[in-house]
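Novice: Quick one: the structure is below, and I'll ask about it shortly.
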Amino acid sequence: MSNSAANLPTFVLVDDHVHSARLLRRTLHEAATPARLVWIGPAKRAGKTVKALLFGAPERKPDMIIVDLKAHSAATEEFIASIRDIADEADVPVVAIAPSLDGELRNALISAGARAVFERLADSEAYRAEMAHLTSYWVRETLTWPIRA
């Protein structure tokens, strides 16, 4: 899904709140993050879309999937577990945004298939800094992906 004209990576966001999706998009834009963010909706709709993107035309494949579901306490974990195999097969990292970085929650998300977990913070400056860490993570991840023959 990279924008070939500008060579911008594309991150897809699975989020059940449109306001949260808009906040992340605005935060990345204000930080001049060199990436596009495409909100693909809540889990029910996004599951089908993720599969279509990962196994569709190569130019539509996202560079990273961000999951931030608040429907219930395990929603993010359940969604990540449901797409784990196809995301791994497509070599697309999946990251989670969680209400805390508590060890138990973080470990559950990593066990479900998230490659990294970031915290959803209420303070706007702290949130911007955490989302900067998210984009920095993607840069580091792409530099360390194994080269496939």
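By order of appearance in the structure tokens: chains A, B, ..., then residues from 1 within every chain, and ligands from 1 in the order shown.
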Please report, as an MDAnalysis selection string, each residue of range 10-133 of chain A to which DSSP assigns strand (DSSP E) when run on this structure's backbone.
Specialist: chainID A and resid 10:15 36:39 64:68 94:98 116:119
Novice: Looking only at helix (DSSP H, G or I) from DSSP on the backbone, list the matching residues of chain A as a CSV table (one decimal) with C-alpha atoms, in the first residue's frame.
Specialist:
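Generated file (selection_33.csv):
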chain,number,residue,atom,x,y,z
A,18,VAL,CA,-13.4,7.2,14.7
A,19,HIS,CA,-12.3,10.0,17.0
A,20,SER,CA,-9.3,7.9,18.1
A,21,ALA,CA,-8.5,7.2,14.5
A,22,ARG,CA,-8.6,10.9,13.6
A,23,LEU,CA,-6.4,11.7,16.6
A,24,LEU,CA,-3.7,9.3,15.5
A,25,ARG,CA,-3.9,10.6,11.9
A,26,ARG,CA,-3.6,14.2,13.1
A,27,THR,CA,-0.8,13.3,15.5
A,28,LEU,CA,1.2,11.7,12.7
A,29,HIS,CA,0.6,14.5,10.4
A,30,GLU,CA,1.5,17.2,12.9
A,43,ALA,CA,-12.6,-5.4,14.1
A,44,LYS,CA,-15.6,-6.9,12.4
A,45,ARG,CA,-15.1,-4.9,9.2
A,46,ALA,CA,-11.3,-4.7,9.4
A,47,GLY,CA,-10.8,-8.5,9.5
A,48,LYS,CA,-12.0,-8.9,6.0
A,49,THR,CA,-10.2,-5.8,4.8
A,50,VAL,CA,-6.8,-6.9,6.3
A,51,LYS,CA,-7.1,-10.3,4.6
A,52,ALA,CA,-7.8,-8.6,1.2
A,53,LEU,CA,-4.9,-6.1,1.7
A,54,LEU,CA,-2.4,-8.8,2.7
A,55,PHE,CA,-3.2,-11.2,-0.1
A,58,PRO,CA,1.3,-6.2,-3.8
A,59,GLU,CA,1.0,-2.4,-4.1
A,60,ARG,CA,-1.9,-2.4,-1.7
A,75,ALA,CA,-10.6,-7.0,21.9
A,76,THR,CA,-7.1,-6.0,20.7
A,77,GLU,CA,-5.6,-9.3,21.7
A,78,GLU,CA,-8.4,-11.3,20.1
A,79,PHE,CA,-8.1,-9.4,16.8
A,80,ILE,CA,-4.4,-9.7,16.6
A,81,ALA,CA,-4.6,-13.5,17.3
A,82,SER,CA,-7.1,-13.7,14.4
A,83,ILE,CA,-4.8,-12.2,11.9
A,84,ARG,CA,-1.4,-13.4,13.3
A,85,ASP,CA,-0.7,-16.1,10.7
A,86,ILE,CA,-1.6,-14.1,7.6
A,87,ALA,CA,0.3,-11.1,8.8
A,88,ASP,CA,3.3,-13.2,9.5
A,89,GLU,CA,3.0,-14.9,6.1
A,103,GLY,CA,3.5,-6.7,32.0
A,104,GLU,CA,0.6,-9.1,32.0
A,105,LEU,CA,-1.3,-7.1,29.3
A,106,ARG,CA,1.8,-6.5,27.2
A,107,ASN,CA,2.8,-10.2,27.4
A,108,ALA,CA,-0.7,-11.2,26.3
A,109,LEU,CA,-0.6,-9.0,23.3
A,110,ILE,CA,2.9,-10.2,22.3
A,111,SER,CA,1.7,-13.8,22.7
A,112,ALA,CA,-1.3,-13.0,20.5
A,124,SER,CA,-1.4,15.1,24.4
A,125,GLU,CA,2.3,15.6,24.7
A,126,ALA,CA,2.9,12.1,26.1
A,127,TYR,CA,0.6,10.7,23.4
A,128,ARG,CA,2.6,12.4,20.6
A,129,ALA,CA,5.8,11.1,22.0
A,130,GLU,CA,4.5,7.6,22.2
A,131,MET,CA,3.3,7.7,18.6
A,132,ALA,CA,6.7,8.9,17.6
A,133,HIS,CA,8.1,5.8,19.3
A,134,LEU,CA,5.6,3.8,17.2
A,135,THR,CA,6.9,5.2,13.9
A,136,SER,CA,10.5,4.8,15.1
A,137,TYR,CA,9.7,1.2,15.8
A,138,TRP,CA,8.5,0.7,12.2
A,139,VAL,CA,11.8,2.2,10.9
A,140,ARG,CA,13.9,-0.1,13.1
A,141,GLU,CA,11.7,-3.1,12.2
A,142,THR,CA,12.1,-2.6,8.5
A,143,LEU,CA,15.9,-2.3,8.9
A,144,THR,CA,16.0,-5.6,10.7
Novice: Tell me which of A:Pro62, A:Lys70, A:Val38, A:Asp123 sits closest to Val94 in chain A, counting only C-alpha atoms.
Specialist: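 When distances to Val94 in chain A are compared using only C-alpha atoms, the smallest one comes from A:Pro62.
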Novice: May I ask for the distance between CA of Ala98 in chain A and CA of Leu69 in chain A, given in Å to one decimal place?
Specialist: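 It comes out at 8.3 Å.
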Novice: Taking only C-alpha atoms into account, which of A:Ala114, A:Leu121, A:Leu13, A:Val92 comes nearest Asp63 in chain A?
Specialist: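 Of A:Ala114, A:Leu121, A:Leu13, A:Val92, the one nearest Asp63 in chain A is A:Val92, counting only C-alpha atoms.
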Novice: Rank A:Ala74, A:Ala96, A:Val14, A:Ala90 by their smallest atom-to-atom distance to Gly56 in chain A, using only C-alpha atoms, and report the top residue only.
Specialist: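 Closest to Gly56 in chain A, using only C-alpha atoms: A:Ala90.
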